[in-house]
file protein36.cif (mmCIF, C-alpha atoms and all ligand atoms)
data_model
loop_
_atom_site.label_atom_id
_atom_site.label_comp_id
_atom_site.auth_asym_id
_atom_site.auth_seq_id
_atom_site.Cartn_x
_atom_site.Cartn_y
_atom_site.Cartn_z
CA MET A 1 94.09 113.53 127.90
CA ASN A 2 91.24 111.46 129.40
CA ASN A 3 89.32 114.70 130.02
CA ASP A 4 89.01 115.22 126.25
CA ILE A 5 86.91 112.07 125.86
CA LEU A 6 83.11 112.39 125.62
CA LYS A 7 82.40 108.66 125.87
CA VAL A 8 84.20 105.35 125.84
CA LEU A 9 83.03 103.07 123.02
CA TYR A 10 85.21 100.02 123.73
CA SER A 11 87.06 99.48 126.98
CA LYS A 12 90.51 97.95 127.33
CA GLU A 13 88.84 94.69 128.43
CA GLU A 14 86.41 94.61 125.49
CA ILE A 15 89.29 95.19 123.08
CA GLN A 16 91.29 92.39 124.69
CA ALA A 17 88.33 90.00 124.36
CA ALA A 18 87.96 90.90 120.67
CA VAL A 19 91.69 90.36 120.12
CA GLU A 20 91.50 86.87 121.70
CA ARG A 21 88.49 85.92 119.54
CA LEU A 22 90.13 87.19 116.34
CA GLY A 23 93.41 85.50 117.24
CA LYS A 24 91.67 82.11 117.39
CA GLU A 25 89.86 82.69 114.07
CA ILE A 26 93.09 83.71 112.37
CA ALA A 27 95.06 80.75 113.77
CA GLN A 28 92.41 78.35 112.39
CA THR A 29 92.46 80.03 108.98
CA TYR A 30 96.25 79.80 108.66
CA ALA A 31 96.80 76.36 110.24
CA GLY A 32 99.91 74.83 108.66
CA LYS A 33 100.82 78.08 106.85
CA THR A 34 103.19 80.96 107.55
CA PRO A 35 101.41 84.16 106.52
CA VAL A 36 103.06 87.54 106.12
CA VAL A 37 101.17 89.74 108.57
CA VAL A 38 101.33 93.39 107.52
CA GLY A 39 100.40 96.07 110.04
CA VAL A 40 99.30 99.43 108.68
CA LEU A 41 101.09 102.29 110.44
CA LYS A 42 100.57 104.11 112.57
CA GLY A 43 96.97 103.42 113.56
CA ALA A 44 97.23 99.62 113.73
CA ILE A 45 100.43 99.51 115.79
CA PHE A 46 98.92 98.49 119.15
CA PHE A 47 96.34 96.20 117.55
CA MET A 48 99.06 94.56 115.45
CA THR A 49 101.28 93.77 118.43
CA ASP A 50 98.34 92.41 120.42
CA ILE A 51 96.84 90.36 117.57
CA ALA A 52 100.20 88.86 116.56
CA ARG A 53 100.65 87.52 120.10
CA ALA A 54 97.08 86.17 120.18
CA VAL A 55 97.60 84.02 117.05
CA ASP A 56 99.14 80.60 117.74
CA SER A 57 100.66 80.14 114.28
CA TYR A 58 103.96 80.77 112.54
CA MET A 59 104.04 84.17 110.86
CA GLN A 60 106.33 86.82 109.49
CA ILE A 61 105.53 90.39 110.40
CA ASP A 62 106.07 93.59 108.48
CA PHE A 63 104.71 97.13 108.44
CA ILE A 64 103.54 99.53 105.78
CA ASP A 65 102.85 103.23 106.19
CA VAL A 66 100.17 104.86 104.10
CA SER A 67 98.45 108.16 104.56
CA SER A 68 94.99 109.32 103.56
CA TYR A 69 93.83 111.63 106.32
CA HIS A 70 96.55 114.27 106.74
CA GLY A 71 95.46 115.25 110.26
CA ALA A 72 91.86 116.08 109.36
CA THR A 73 88.71 114.15 110.20
CA GLU A 74 87.59 113.57 106.60
CA SER A 75 89.31 111.36 104.08
CA SER A 76 91.19 113.24 101.37
CA GLY A 77 90.36 110.52 98.88
CA THR A 78 93.96 109.87 97.86
CA VAL A 79 96.24 107.27 99.34
CA GLU A 80 99.96 107.83 99.52
CA LEU A 81 102.56 105.10 100.16
CA LEU A 82 104.91 106.54 102.78
CA GLN A 83 106.92 103.47 103.74
CA ASP A 84 106.81 100.08 102.05
CA ILE A 85 107.17 96.57 103.44
CA ASN A 86 110.50 94.87 102.75
CA THR A 87 109.16 91.31 102.46
CA ASP A 88 108.81 89.67 99.04
CA ILE A 89 105.13 88.60 99.05
CA ASP A 90 105.12 86.86 95.66
CA GLY A 91 103.34 83.52 96.25
CA ARG A 92 102.74 84.29 99.93
CA ASP A 93 99.62 84.41 102.09
CA VAL A 94 99.20 87.99 103.27
CA LEU A 95 97.13 89.17 106.21
CA ILE A 96 96.62 92.94 106.37
CA VAL A 97 96.04 94.28 109.90
CA GLU A 98 94.15 97.60 109.88
CA ASP A 99 92.88 99.85 112.65
CA ILE A 100 89.68 100.95 110.92
CA VAL A 101 88.06 100.67 107.51
CA ASP A 102 85.99 103.75 106.69
CA THR A 103 85.70 104.72 102.99
CA GLY A 104 87.71 101.59 102.13
CA ARG A 105 90.13 103.58 99.96
CA THR A 106 93.21 102.72 102.02
CA LEU A 107 92.29 99.06 102.08
CA LYS A 108 91.53 98.97 98.34
CA PHE A 109 94.93 100.53 97.66
CA LEU A 110 96.64 97.86 99.80
CA LEU A 111 94.64 94.98 98.28
CA ASP A 112 95.46 96.16 94.74
CA THR A 113 99.13 96.73 95.58
CA PHE A 114 99.62 93.29 97.17
CA ALA A 115 97.64 91.54 94.39
CA ASP A 116 99.90 93.20 91.78
CA ARG A 117 102.92 91.80 93.64
CA GLY A 118 101.63 88.24 93.28
CA ALA A 119 100.38 87.39 96.78
CA SER A 120 98.71 83.98 96.64
CA SER A 121 96.02 85.05 99.11
CA ILE A 122 95.15 88.31 100.82
CA LYS A 123 92.93 88.59 103.86
CA VAL A 124 92.14 91.52 106.10
CA CYS A 125 91.77 91.83 109.85
CA THR A 126 90.45 95.17 111.06
CA LEU A 127 89.76 96.17 114.63
CA LEU A 128 86.98 98.53 113.60
CA ASP A 129 84.70 98.57 110.59
CA LYS A 130 82.59 101.63 109.73
CA PRO A 131 80.30 100.25 107.00
CA ALA A 132 78.32 103.51 106.71
CA GLY A 133 81.44 105.30 105.45
CA ARG A 134 82.17 102.96 102.56
CA ALA A 135 82.88 104.65 99.20
CA VAL A 136 84.69 101.79 97.42
CA ASP A 137 84.33 98.03 97.60
CA ALA A 138 86.90 96.74 100.12
CA GLU A 139 85.80 94.34 102.82
CA SER A 140 87.49 92.62 105.76
CA ASP A 141 87.59 88.94 106.69
CA PHE A 142 88.10 89.39 110.44
CA ILE A 143 86.35 92.27 112.22
CA GLY A 144 86.66 93.34 115.86
CA PHE A 145 83.71 95.75 116.09
CA LYS A 146 81.31 97.42 113.68
CA VAL A 147 81.25 101.08 114.67
CA PRO A 148 78.74 103.85 114.03
CA ASN A 149 79.70 106.67 111.69
CA GLU A 150 81.55 108.67 114.35
CA PHE A 151 85.16 109.77 114.53
CA VAL A 152 86.91 107.62 117.13
CA VAL A 153 90.30 107.86 118.84
CA GLY A 154 92.51 105.71 121.03
CA TYR A 155 94.32 102.34 120.92
CA GLY A 156 96.34 103.57 117.94
CA LEU A 157 93.78 105.89 116.37
CA ASP A 158 94.65 109.58 116.42
CA TYR A 159 93.21 113.01 116.09
CA ASP A 160 95.94 115.30 114.80
CA GLU A 161 98.56 112.70 115.91
CA LYS A 162 97.31 112.72 119.50
CA TYR A 163 95.30 110.19 121.58
CA ARG A 164 96.94 107.10 120.00
CA ASN A 165 98.16 106.02 123.43
CA LEU A 166 94.71 105.89 125.06
CA PRO A 167 94.21 102.26 126.17
CA TYR A 168 90.54 102.32 125.07
CA ILE A 169 88.56 103.60 122.06
CA GLY A 170 86.38 106.64 122.52
CA VAL A 171 84.76 109.69 120.99
CA LEU A 172 86.20 113.16 121.54
CA LYS A 173 84.24 116.07 122.97
CA PRO A 174 83.07 118.35 120.12
CA GLU A 175 85.01 121.34 121.52
CA ILE A 176 88.30 119.54 120.85
CA TYR A 177 87.63 119.89 117.10
CA THR A 178 86.26 123.41 117.28
CA ASN A 179 89.24 124.69 119.32
CA ASN A 180 91.66 123.46 116.63
P1 LIG B 1 89.63 104.83 104.69
O1 LIG B 1 90.69 104.85 103.64
O2 LIG B 1 88.94 103.50 104.85
O3 LIG B 1 88.63 105.96 104.52
O4 LIG B 1 90.29 105.18 106.06
C1 LIG B 1 91.27 104.44 106.60
C2 LIG B 1 92.11 105.28 107.53
O5 LIG B 1 91.47 106.51 107.89
C3 LIG B 1 92.30 104.53 108.80
O6 LIG B 1 93.41 103.68 108.72
C4 LIG B 1 92.47 105.66 109.80
O7 LIG B 1 93.80 106.07 109.84
C5 LIG B 1 91.62 106.78 109.24
N1 LIG B 1 90.30 106.83 109.88
C6 LIG B 1 89.10 106.48 109.36
N2 LIG B 1 88.10 106.64 110.26
C7 LIG B 1 88.69 107.09 111.39
C8 LIG B 1 88.20 107.43 112.70
O8 LIG B 1 87.01 107.36 113.05
N3 LIG B 1 89.14 107.86 113.59
C9 LIG B 1 90.45 107.97 113.29
N4 LIG B 1 91.27 108.39 114.25
N5 LIG B 1 90.96 107.65 112.08
C10 LIG B 1 90.08 107.21 111.14
#
call {"tool": "encode", "arguments": {"input": "protein36.cif", "output": "C-alpha cells"}}
result
Amino acid sequence: MNNDILKVLYSKEEIQAAVERLGKEIAQTYAGKTPVVVGVLKGAIFFMTDIARAVDSYMQIDFIDVSSYHGATESSGTVELLQDINTDIDGRDVLIVEDIVDTGRTLKFLLDTFADRGASSIKVCTLLDKPAGRAVDAESDFIGFKVPNEFVVGYGLDYDEKYRNLPYIGVLKPEIYTNN
C-alpha cells in the first residue's frame, strides 16, 4: 500500500501535533458545556477518535454517514444521508468533526440539517480544508491544515474505499487512478 504513495503531505507526528492543538482550542471553546460531537463517517473516523481523546471536556459522541463522492475523485454535487445520528440535538451545542472540506456541499448539508433540528450552536472541526475547491459557503471553526487542491488519501481518507488505514496523509501516484 505504501508503494502507491507519491508523496507524504502530513506525517503521523504532524497530524498528532495538529490534533493536540485543536483539542486545546476545542476544550477552551466548550468549557463548562457538554457538546454533542458528531463524527462524519467514514473519512473522519480516525480523526474523531483522536480528537475526542485530546479534548479535556465532557462530551457526547455520535456518528453520521453521508455520501457525496461514490468512489470517484470528483464530487457528484448531491449529498445523501446514509445513517443518521440517534442523539436529540434540540437545544444542544453540536461540534461536527469532518475529515476534509472541499466543495463544502457535505458540510452545508450537515449545517442545514442540524440547524433545522434546533441545535443551539453548531461549530465545525475539520482536519483538512481545501479552500480552492469551495462551491458553496460552508466554513470551519477549527482547522488542522489548509491543503492544496490535490486529491489526498490516508488517516481515514479513501480512494475507492482503500488507503483509509494509512497512518499519514499523502498523494497517490497518478498511475493508481489511470489503472482503475
Ligand atoms: P465536499 O462535500 O466538501 O466537496 O466533500 C466532502 C467529502 O468529500 C469529504 O468528507 C471526503 O469524503 C470527500 N473528499 C473531498 N476531497 C477529498 C480528497 O482530497 N480526498 C479524499 N479521499 N476525499 C475527499
call {"tool": "closest_residue", "arguments": {"input": "protein36.cif", "among": "A:Gly32, A:Gly23, A:Gly39, A:Gly118", "to": "ligand LIG 1 (chain B)", "atoms": "all atoms listed in the file"}}
result
A:Gly39
call {"tool": "residues_around", "arguments": {"input": "protein36.cif", "residues": "Arg92 in chain A", "least_positions_apart": "4", "cutoff": "12 Å", "atoms": "only C-alpha atoms", "output": "compact mmCIF listing (two decimals) with C-alpha atoms, in the coordinates of the input"}}
result
# COMPACT_ATOMS: atom_id res chain seq x y z
CA TYR A 30 96.25 79.80 108.66
CA LYS A 33 100.82 78.08 106.85
CA THR A 34 103.19 80.96 107.55
CA PRO A 35 101.41 84.16 106.52
CA VAL A 36 103.06 87.54 106.12
CA VAL A 37 101.17 89.74 108.57
CA VAL A 38 101.33 93.39 107.52
CA MET A 59 104.04 84.17 110.86
CA GLN A 60 106.33 86.82 109.49
CA THR A 87 109.16 91.31 102.46
CA ASP A 88 108.81 89.67 99.04
CA PHE A 114 99.62 93.29 97.17
CA ALA A 115 97.64 91.54 94.39
CA ARG A 117 102.92 91.80 93.64
CA GLY A 118 101.63 88.24 93.28
CA ALA A 119 100.38 87.39 96.78
CA SER A 120 98.71 83.98 96.64
CA SER A 121 96.02 85.05 99.11
CA ILE A 122 95.15 88.31 100.82
CA LYS A 123 92.93 88.59 103.86
call {"tool": "closest_residue", "arguments": {"input": "protein36.cif", "among": "A:Lys173, A:Lys7, A:Lys146, A:Arg134", "to": "ligand LIG 1 (chain B)", "atoms": "all atoms listed in the file"}}
result
A:Arg134
call {"tool": "residues_around", "arguments": {"input": "protein36.cif", "residues": "Gly156 in chain A", "least_positions_apart": "3", "cutoff": "8 Å", "atoms": "only C-alpha atoms", "output": "ChimeraX atom specification"}}
result
/A:42-47,99,153,163-166
call {"tool": "closest_residue", "arguments": {"input": "protein36.cif", "among": "A:Val40, A:Ile5, A:Ala31, A:Leu172", "to": "Asp84 in chain A", "atoms": "all atoms listed in the file"}}
result
A:Val40
call {"tool": "residues_near_ligand", "arguments": {"input": "protein36.cif", "ligand": "ligand LIG 1 (chain B)", "cutoff": "9 Å", "atoms": "only C-alpha atoms and all ligand atoms", "output": "compact mmCIF listing (two decimals) with C-alpha atoms, in the coordinates of the input"}}
result
# COMPACT_ATOMS: atom_id res chain seq x y z
CA VAL A 40 99.30 99.43 108.68
CA LEU A 41 101.09 102.29 110.44
CA LYS A 42 100.57 104.11 112.57
CA GLY A 43 96.97 103.42 113.56
CA ALA A 44 97.23 99.62 113.73
CA VAL A 66 100.17 104.86 104.10
CA SER A 67 98.45 108.16 104.56
CA SER A 68 94.99 109.32 103.56
CA TYR A 69 93.83 111.63 106.32
CA GLY A 71 95.46 115.25 110.26
CA ALA A 72 91.86 116.08 109.36
CA THR A 73 88.71 114.15 110.20
CA GLU A 74 87.59 113.57 106.60
CA SER A 75 89.31 111.36 104.08
CA SER A 76 91.19 113.24 101.37
CA GLY A 77 90.36 110.52 98.88
CA THR A 78 93.96 109.87 97.86
CA VAL A 79 96.24 107.27 99.34
CA GLU A 98 94.15 97.60 109.88
CA ASP A 99 92.88 99.85 112.65
CA ILE A 100 89.68 100.95 110.92
CA VAL A 101 88.06 100.67 107.51
CA ASP A 102 85.99 103.75 106.69
CA THR A 103 85.70 104.72 102.99
CA GLY A 104 87.71 101.59 102.13
CA ARG A 105 90.13 103.58 99.96
CA THR A 106 93.21 102.72 102.02
CA LEU A 107 92.29 99.06 102.08
CA LYS A 108 91.53 98.97 98.34
CA PHE A 109 94.93 100.53 97.66
CA LEU A 128 86.98 98.53 113.60
CA ASP A 129 84.70 98.57 110.59
CA LYS A 130 82.59 101.63 109.73
CA GLY A 133 81.44 105.30 105.45
CA ARG A 134 82.17 102.96 102.56
CA ALA A 135 82.88 104.65 99.20
CA VAL A 136 84.69 101.79 97.42
CA ALA A 138 86.90 96.74 100.12
CA VAL A 147 81.25 101.08 114.67
CA ASN A 149 79.70 106.67 111.69
CA GLU A 150 81.55 108.67 114.35
CA PHE A 151 85.16 109.77 114.53
CA VAL A 152 86.91 107.62 117.13
CA VAL A 153 90.30 107.86 118.84
CA GLY A 154 92.51 105.71 121.03
CA GLY A 156 96.34 103.57 117.94
CA LEU A 157 93.78 105.89 116.37
CA ASP A 158 94.65 109.58 116.42
CA TYR A 159 93.21 113.01 116.09
CA ASP A 160 95.94 115.30 114.80
CA GLU A 161 98.56 112.70 115.91
CA TYR A 163 95.30 110.19 121.58
CA ARG A 164 96.94 107.10 120.00
CA VAL A 171 84.76 109.69 120.99
call {"tool": "atom_distance", "arguments": {"input": "protein36.cif", "atom1": "CA of Asp137 in chain A", "atom2": "CA of Leu111 in chain A"}}
result
10.8 Å
call {"tool": "atom_distance", "arguments": {"input": "protein36.cif", "atom1": "CA of Thr49 in chain A", "atom2": "CA of Glu139 in chain A"}}
result
22.0 Å
call {"tool": "atom_distance", "arguments": {"input": "protein36.cif", "atom1": "CA of Ser11 in chain A", "atom2": "CA of Leu95 in chain A"}}
result
25.3 Å
call {"tool": "closest_residue", "arguments": {"input": "protein36.cif", "among": "A:Glu80, A:Asp4, A:Asp56, A:Glu20", "to": "Leu110 in chain A", "atoms": "all atoms listed in the file"}}
result
A:Glu80
call {"tool": "closest_residue", "arguments": {"input": "protein36.cif", "among": "A:Lys12, A:Ala27, A:Leu82, A:Val97", "to": "Ile61 in chain A", "atoms": "all atoms listed in the file"}}
result
A:Val97
call {"tool": "closest_residue", "arguments": {"input": "protein36.cif", "among": "A:Ala18, A:Ala132, A:Ile26, A:Ala54", "to": "Ile96 in chain A", "atoms": "all atoms listed in the file"}}
result
A:Ile26
call {"tool": "residues_around", "arguments": {"input": "protein36.cif", "residues": "Glu14 in chain A", "least_positions_apart": "2", "cutoff": "12 Å", "atoms": "only C-alpha atoms", "output": "ChimeraX atom specification"}}
result
/A:8-12,16-21,127,144-145,155,167-169
